[in-house]
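Here is the file my_file_33.pdb (PDB, C-alpha atoms, pLDDT in the B column).
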MODEL        1
ATOM      1  CA  MET P   1     113.892  65.286  99.923  1.00 78.00           C
ATOM      2  CA  ASP P   2     115.092  63.519  96.805  1.00 86.00           C
ATOM      3  CA  PHE P   3     114.139  64.560  93.285  1.00 89.00           C
ATOM      4  CA  HIS P   4     111.344  62.011  92.834  1.00 90.00           C
ATOM      5  CA  GLU P   5     109.688  62.982  96.114  1.00 91.00           C
ATOM      6  CA  TYR P   6     109.889  66.658  95.178  1.00 90.00           C
ATOM      7  CA  VAL P   7     108.326  66.087  91.754  1.00 90.00           C
ATOM      8  CA  TYR P   8     105.570  63.964  93.280  1.00 93.00           C
ATOM      9  CA  ALA P   9     104.805  66.602  95.923  1.00 91.00           C
ATOM     10  CA  ARG P  10     105.262  69.815  93.911  1.00 90.00           C
ATOM     11  CA  GLY P  11     104.776  68.681  90.298  1.00 91.00           C
ATOM     12  CA  PRO P  12     101.083  69.660  90.102  1.00 93.00           C
ATOM     13  CA  ALA P  13     101.836  73.137  91.457  1.00 92.00           C
ATOM     14  CA  LEU P  14     104.652  73.590  88.931  1.00 93.00           C
ATOM     15  CA  LEU P  15     102.338  72.487  86.123  1.00 92.00           C
ATOM     16  CA  ARG P  16      99.628  74.890  87.310  1.00 92.00           C
ATOM     17  CA  LEU P  17     102.124  77.765  87.336  1.00 91.00           C
ATOM     18  CA  ALA P  18     103.358  76.833  83.871  1.00 91.00           C
ATOM     19  CA  CYS P  19      99.775  76.710  82.555  1.00 90.00           C
ATOM     20  CA  LEU P  20      99.145  80.175  83.898  1.00 88.00           C
ATOM     21  CA  LEU P  21     102.404  81.500  82.465  1.00 87.00           C
ATOM     22  CA  THR P  22     101.948  80.025  79.001  1.00 86.00           C
ATOM     23  CA  GLY P  23      98.179  79.960  78.616  1.00 84.00           C
ATOM     24  CA  ASP P  24      98.514  76.601  76.866  1.00 84.00           C
ATOM     25  CA  PRO P  25      98.316  73.345  78.845  1.00 88.00           C
ATOM     26  CA  HIS P  26     100.284  71.393  76.245  1.00 88.00           C
ATOM     27  CA  ARG P  27     103.134  73.890  76.108  1.00 87.00           C
ATOM     28  CA  ALA P  28     103.015  74.064  79.916  1.00 90.00           C
ATOM     29  CA  GLU P  29     103.637  70.317  80.136  1.00 92.00           C
ATOM     30  CA  ASP P  30     106.598  70.686  77.769  1.00 90.00           C
ATOM     31  CA  LEU P  31     107.920  73.610  79.785  1.00 91.00           C
ATOM     32  CA  VAL P  32     107.700  71.712  83.090  1.00 93.00           C
ATOM     33  CA  GLN P  33     109.340  68.679  81.546  1.00 92.00           C
ATOM     34  CA  GLU P  34     112.164  70.821  80.150  1.00 91.00           C
ATOM     35  CA  VAL P  35     112.724  72.466  83.539  1.00 92.00           C
ATOM     36  CA  LEU P  36     112.589  69.170  85.438  1.00 93.00           C
ATOM     37  CA  VAL P  37     115.156  67.613  83.103  1.00 92.00           C
ATOM     38  CA  SER P  38     117.442  70.556  83.706  1.00 91.00           C
ATOM     39  CA  ALA P  39     116.821  70.462  87.472  1.00 91.00           C
ATOM     40  CA  TYR P  40     117.476  66.722  87.698  1.00 92.00           C
ATOM     41  CA  THR P  41     121.079  67.150  86.620  1.00 90.00           C
ATOM     42  CA  LYS P  42     121.752  69.690  89.370  1.00 89.00           C
ATOM     43  CA  TRP P  43     119.277  68.513  91.991  1.00 89.00           C
ATOM     44  CA  HIS P  44     121.914  68.097  94.697  1.00 86.00           C
ATOM     45  CA  ARG P  45     122.725  71.817  94.528  1.00 87.00           C
ATOM     46  CA  ILE P  46     119.040  72.836  94.273  1.00 86.00           C
ATOM     47  CA  SER P  47     117.908  70.651  97.166  1.00 84.00           C
ATOM     48  CA  THR P  48     120.557  72.034  99.494  1.00 83.00           C
ATOM     49  CA  ALA P  49     119.441  75.607  98.787  1.00 78.00           C
ATOM     50  CA  ASP P  50     117.241  77.367 101.314  1.00 79.00           C
ATOM     51  CA  ARG P  51     114.117  77.379  99.147  1.00 84.00           C
ATOM     52  CA  PRO P  52     114.071  74.939  96.230  1.00 86.00           C
ATOM     53  CA  ASP P  53     110.517  76.038  95.314  1.00 87.00           C
ATOM     54  CA  VAL P  54     111.728  79.559  94.559  1.00 87.00           C
ATOM     55  CA  TYR P  55     114.551  78.159  92.446  1.00 88.00           C
ATOM     56  CA  MET P  56     112.188  75.914  90.476  1.00 90.00           C
ATOM     57  CA  ARG P  57     109.671  78.740  89.926  1.00 91.00           C
ATOM     58  CA  ARG P  58     112.499  80.954  88.699  1.00 90.00           C
ATOM     59  CA  MET P  59     113.553  78.214  86.291  1.00 90.00           C
ATOM     60  CA  LEU P  60     109.977  77.985  84.956  1.00 92.00           C
ATOM     61  CA  VAL P  61     109.637  81.739  84.475  1.00 90.00           C
ATOM     62  CA  ASN P  62     113.053  81.993  82.816  1.00 90.00           C
ATOM     63  CA  ALA P  63     112.373  79.029  80.538  1.00 89.00           C
ATOM     64  CA  ASN P  64     109.065  80.574  79.483  1.00 88.00           C
ATOM     65  CA  ILE P  65     110.702  83.927  78.751  1.00 84.00           C
ATOM     66  CA  SER P  66     113.509  82.211  76.833  1.00 82.00           C
ATOM     67  CA  TRP P  67     110.964  80.338  74.740  1.00 74.00           C
ATOM     68  CA  TRP P  68     109.316  83.600  73.706  1.00 66.00           C
ATOM     69  CA  ARG P  69     112.660  85.185  72.860  1.00 65.00           C
ATOM     70  CA  ARG P  70     113.361  82.590  70.188  1.00 62.00           C
ATOM     71  CA  LEU P  71     111.948  84.029  66.982  1.00 54.00           C
ATOM     72  CA  THR P  72     111.068  80.577  65.672  1.00 59.00           C
ATOM     73  CA  ASN P  73     108.527  80.148  68.461  1.00 57.00           C
ATOM     74  CA  ARG P  74     106.326  83.087  67.524  1.00 57.00           C
ATOM     75  CA  GLU P  75     102.875  81.748  66.927  1.00 57.00           C
ATOM     76  CA  VAL P  76     100.478  83.580  64.697  1.00 54.00           C
ATOM     77  CA  ALA P  77      97.019  83.781  66.182  1.00 56.00           C
ATOM     78  CA  ILE P  78      93.994  83.804  63.948  1.00 55.00           C
ATOM     79  CA  ASP P  79      90.683  85.393  64.659  1.00 63.00           C
ATOM     80  CA  ALA P  80      88.311  83.030  66.374  1.00 66.00           C
ATOM     81  CA  VAL P  81      84.820  82.608  65.058  1.00 55.00           C
ATOM     82  CA  PRO P  82      82.686  84.706  67.371  1.00 58.00           C
ATOM     83  CA  ASP P  83      80.008  82.885  69.286  1.00 59.00           C
ATOM     84  CA  ARG P  84      76.476  84.122  69.151  1.00 55.00           C
ATOM     85  CA  ARG P  85      75.487  86.075  72.185  1.00 54.00           C
ATOM     86  CA  ARG P  86      72.865  84.461  74.322  1.00 53.00           C
ATOM     87  CA  GLU P  87      70.941  85.720  77.249  1.00 56.00           C
ATOM     88  CA  GLY P  88      72.304  84.741  80.634  1.00 58.00           C
ATOM     89  CA  ASP P  89      74.979  85.677  83.078  1.00 63.00           C
ATOM     90  CA  HIS P  90      76.946  82.430  82.765  1.00 75.00           C
ATOM     91  CA  GLU P  91      77.701  82.852  79.087  1.00 78.00           C
ATOM     92  CA  GLN P  92      78.790  86.436  79.572  1.00 77.00           C
ATOM     93  CA  ALA P  93      81.002  85.471  82.509  1.00 78.00           C
ATOM     94  CA  VAL P  94      82.707  82.784  80.426  1.00 81.00           C
ATOM     95  CA  ALA P  95      83.174  85.217  77.537  1.00 81.00           C
ATOM     96  CA  ASP P  96      84.603  87.845  79.881  1.00 80.00           C
ATOM     97  CA  ARG P  97      86.990  85.332  81.459  1.00 81.00           C
ATOM     98  CA  ASP P  98      88.145  84.167  78.023  1.00 85.00           C
ATOM     99  CA  ALA P  99      88.690  87.751  76.882  1.00 83.00           C
ATOM    100  CA  MET P 100      90.660  88.484  80.043  1.00 83.00           C
ATOM    101  CA  TRP P 101      92.914  85.447  79.515  1.00 85.00           C
ATOM    102  CA  ARG P 102      93.559  86.541  75.943  1.00 86.00           C
ATOM    103  CA  LEU P 103      94.635  89.940  77.252  1.00 86.00           C
ATOM    104  CA  ILE P 104      96.828  88.371  79.940  1.00 86.00           C
ATOM    105  CA  SER P 105      98.424  86.110  77.327  1.00 86.00           C
ATOM    106  CA  ALA P 106      99.212  89.158  75.184  1.00 87.00           C
ATOM    107  CA  LEU P 107     101.133  90.900  77.983  1.00 90.00           C
ATOM    108  CA  PRO P 108     104.929  90.906  77.855  1.00 91.00           C
ATOM    109  CA  PRO P 109     106.363  87.816  79.597  1.00 89.00           C
ATOM    110  CA  LYS P 110     107.664  89.595  82.718  1.00 91.00           C
ATOM    111  CA  GLN P 111     104.400  91.468  83.295  1.00 92.00           C
ATOM    112  CA  ARG P 112     102.432  88.256  82.822  1.00 91.00           C
ATOM    113  CA  ALA P 113     104.776  86.401  85.184  1.00 91.00           C
ATOM    114  CA  VAL P 114     104.381  89.070  87.888  1.00 93.00           C
ATOM    115  CA  LEU P 115     100.570  89.048  87.623  1.00 91.00           C
ATOM    116  CA  VAL P 116     100.390  85.250  87.654  1.00 89.00           C
ATOM    117  CA  LEU P 117     102.765  84.932  90.597  1.00 90.00           C
ATOM    118  CA  ARG P 118     100.954  87.673  92.532  1.00 90.00           C
ATOM    119  CA  TYR P 119      97.305  86.854  91.892  1.00 88.00           C
ATOM    120  CA  TYR P 120      97.326  83.118  91.166  1.00 85.00           C
ATOM    121  CA  GLU P 121     100.254  81.876  93.211  1.00 87.00           C
ATOM    122  CA  ASP P 122      99.490  84.460  95.945  1.00 87.00           C
ATOM    123  CA  LEU P 123     103.123  85.472  96.416  1.00 90.00           C
ATOM    124  CA  ASP P 124     104.252  88.788  97.849  1.00 91.00           C
ATOM    125  CA  ASP P 125     106.529  91.247  96.046  1.00 92.00           C
ATOM    126  CA  ALA P 126     109.675  90.016  97.791  1.00 93.00           C
ATOM    127  CA  ALA P 127     109.068  86.398  96.765  1.00 92.00           C
ATOM    128  CA  ILE P 128     108.304  87.439  93.203  1.00 92.00           C
ATOM    129  CA  ALA P 129     111.449  89.572  93.119  1.00 93.00           C
ATOM    130  CA  GLY P 130     113.435  86.550  94.261  1.00 91.00           C
ATOM    131  CA  ILE P 131     111.954  84.370  91.530  1.00 90.00           C
ATOM    132  CA  LEU P 132     112.471  86.949  88.776  1.00 90.00           C
ATOM    133  CA  SER P 133     115.888  88.102  90.076  1.00 91.00           C
ATOM    134  CA  CYS P 134     114.883  91.743  90.221  1.00 92.00           C
ATOM    135  CA  SER P 135     114.020  94.358  92.820  1.00 94.00           C
ATOM    136  CA  THR P 136     110.644  94.693  94.499  1.00 93.00           C
ATOM    137  CA  THR P 137     110.295  98.077  92.807  1.00 94.00           C
ATOM    138  CA  THR P 138     110.631  96.391  89.430  1.00 94.00           C
ATOM    139  CA  VAL P 139     107.981  93.861  90.453  1.00 94.00           C
ATOM    140  CA  ARG P 140     105.587  96.651  91.397  1.00 94.00           C
ATOM    141  CA  THR P 141     106.355  98.463  88.129  1.00 95.00           C
ATOM    142  CA  HIS P 142     105.624  95.351  86.061  1.00 94.00           C
ATOM    143  CA  ALA P 143     102.418  94.779  88.021  1.00 93.00           C
ATOM    144  CA  ALA P 144     101.264  98.375  87.595  1.00 93.00           C
ATOM    145  CA  ARG P 145     101.979  98.372  83.865  1.00 93.00           C
ATOM    146  CA  GLY P 146     100.313  95.012  83.355  1.00 92.00           C
ATOM    147  CA  LEU P 147      97.218  96.033  85.301  1.00 90.00           C
ATOM    148  CA  ALA P 148      97.061  99.359  83.438  1.00 91.00           C
ATOM    149  CA  THR P 149      97.118  97.497  80.120  1.00 89.00           C
ATOM    150  CA  LEU P 150      94.388  95.144  81.280  1.00 87.00           C
ATOM    151  CA  ARG P 151      92.240  98.018  82.529  1.00 87.00           C
ATOM    152  CA  ARG P 152      92.709  99.927  79.295  1.00 87.00           C
ATOM    153  CA  HIS P 153      91.536  96.989  77.181  1.00 81.00           C
ATOM    154  CA  PHE P 154      89.041  95.447  79.595  1.00 73.00           C
ATOM    155  CA  PRO P 155      87.223  98.120  81.582  1.00 69.00           C
ATOM    156  CA  ALA P 156      85.652  97.147  84.875  1.00 65.00           C
ATOM    157  CA  PRO P 157      81.958  96.344  84.665  1.00 59.00           C
ATOM    158  CA  SER P 158      79.659  99.037  85.951  1.00 52.00           C
ATOM    159  CA  THR P 159      78.057  98.415  89.298  1.00 49.00           C
ATOM    160  CA  SER P 160      74.826 100.182  88.410  1.00 47.00           C
ATOM    161  CA  THR P 161      71.853  98.201  87.153  1.00 48.00           C
ATOM    162  CA  SER P 162      70.582 100.683  84.603  1.00 47.00           C
ATOM    163  CA  GLY P 163      68.020  99.588  82.083  1.00 47.00           C
ATOM    164  CA  SER P 164      66.142  97.182  84.328  1.00 46.00           C
ATOM    165  CA  ALA P 165      62.410  97.535  83.948  1.00 46.00           C
ATOM    166  CA  THR P 166      59.620  95.999  85.978  1.00 39.00           C
TER     167      THR P 166
ENDMDL
END

As structure tokens, what does this structure read like?
Amino acid sequence: MDFHEYVYARGPALLRLACLLTGDPHRAEDLVQEVLVSAYTKWHRISTADRPDVYMRRMLVNANISWWRRLTNREVAIDAVPDRRREGDHEQAVADRDAMWRLISALPPKQRAVLVLRYYEDLDDAAIAGILSCSTTTVRTHAARGLATLRRHFPAPSTSTSGSAT
């Protein structure tokens, strides 16, 4: 498979992964473009590897982590104007999903990468370890710490329906 065929076939999946890693579709496009430019120059070596998808995912994760390491790329978030609460399950679900993504975006890059690769890309620990160049134990540690942080800041909704009157 040549480079153009690979980008045509796997480009949307790489962009989706980058969006999940960065939380920003515009920065995700820049990240994918940066990685593809780098991969183009060494495509012969990448394409002859056993699994070029793993290599490309690793490049995306590493490029995202490198971006955050540069001090000039630290963005300062401002408080958003809170929306008025309305009755209805849909609005609450959207608010909960937005709050969860804010928490995921605040996780350290490796923890965020592990959670995204595990729950959105549906990869197992061994595949994630291969992408992140670490052991499966480290993957499980990052996942446990990330999930613990999310649970601490975003408790699970209660399953009881208290307060409902007839």

- Message: Quick check on the file I pasted: which residues fall under the PyMOL selection byres ((chain P and resi 30-45) around 12)? Write them as a PyMOL selection string.
- Response: chain P and resi 1-8+10-29+46-53+55-68

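Relative to atom CA of Ile104 of chain P, atom CA of Ala9 of chain P is found at 28.2 Å.
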
- Item | Which residue of P:Arg102, P:Arg97, P:Arg112, P:His153 approaches Leu132 of chain P most closely, using all atoms listed in the file | P:Arg112

Let me have the centre and edge lengths of the axis-aligned box enclosing all listed atoms of segment 16-20 of chain P with 5 Å padding on every side, in Å to one decimal, as AutoDock Vina command-line options.
--center_x 101.3 --center_y 77.5 --center_z 84.9 --size_x 14.2 --size_y 15.3 --size_z 14.8

- Message: If the PyMOL selection byres ((chain P and resi 107) around 12) were run on this exact file, what residues would it hold? Put them as a PyMOL selection string.
- Response: chain P and resi 21-23+65+68+100-106+108-116+142-143+145-150+153

What does the file look like for those residues with C-alpha atoms, as a short mmCIF file (atom, residue, chain, number, x, y, z; two decimals), keeping the file's coordinate frame?
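To be explicit, this is the file written out as selection03.cif:
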data_model
loop_
_atom_site.label_atom_id
_atom_site.label_comp_id
_atom_site.auth_asym_id
_atom_site.auth_seq_id
_atom_site.Cartn_x
_atom_site.Cartn_y
_atom_site.Cartn_z
CA LEU P 21 102.40 81.50 82.46
CA THR P 22 101.95 80.03 79.00
CA GLY P 23 98.18 79.96 78.62
CA ILE P 65 110.70 83.93 78.75
CA TRP P 68 109.32 83.60 73.71
CA MET P 100 90.66 88.48 80.04
CA TRP P 101 92.91 85.45 79.52
CA ARG P 102 93.56 86.54 75.94
CA LEU P 103 94.64 89.94 77.25
CA ILE P 104 96.83 88.37 79.94
CA SER P 105 98.42 86.11 77.33
CA ALA P 106 99.21 89.16 75.18
CA PRO P 108 104.93 90.91 77.86
CA PRO P 109 106.36 87.82 79.60
CA LYS P 110 107.66 89.60 82.72
CA GLN P 111 104.40 91.47 83.30
CA ARG P 112 102.43 88.26 82.82
CA ALA P 113 104.78 86.40 85.18
CA VAL P 114 104.38 89.07 87.89
CA LEU P 115 100.57 89.05 87.62
CA VAL P 116 100.39 85.25 87.65
CA HIS P 142 105.62 95.35 86.06
CA ALA P 143 102.42 94.78 88.02
CA ARG P 145 101.98 98.37 83.86
CA GLY P 146 100.31 95.01 83.36
CA LEU P 147 97.22 96.03 85.30
CA ALA P 148 97.06 99.36 83.44
CA THR P 149 97.12 97.50 80.12
CA LEU P 150 94.39 95.14 81.28
CA HIS P 153 91.54 96.99 77.18
#

- Query: Can you tell me how far atom CA of Ala144 of chain P sits from atom CA of Asp96 of chain P, in Å to one decimal?
  - Reply: 21.2 Å

- Message: Measuring between all atoms listed in the file, which one of P:Leu123, P:Ala99, P:Ala129, P:Val54 shows the shortest distance to Thr141 of chain P?
- Response: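 Ranked by minimum distance to Thr141 of chain P, first place goes to P:Ala129.
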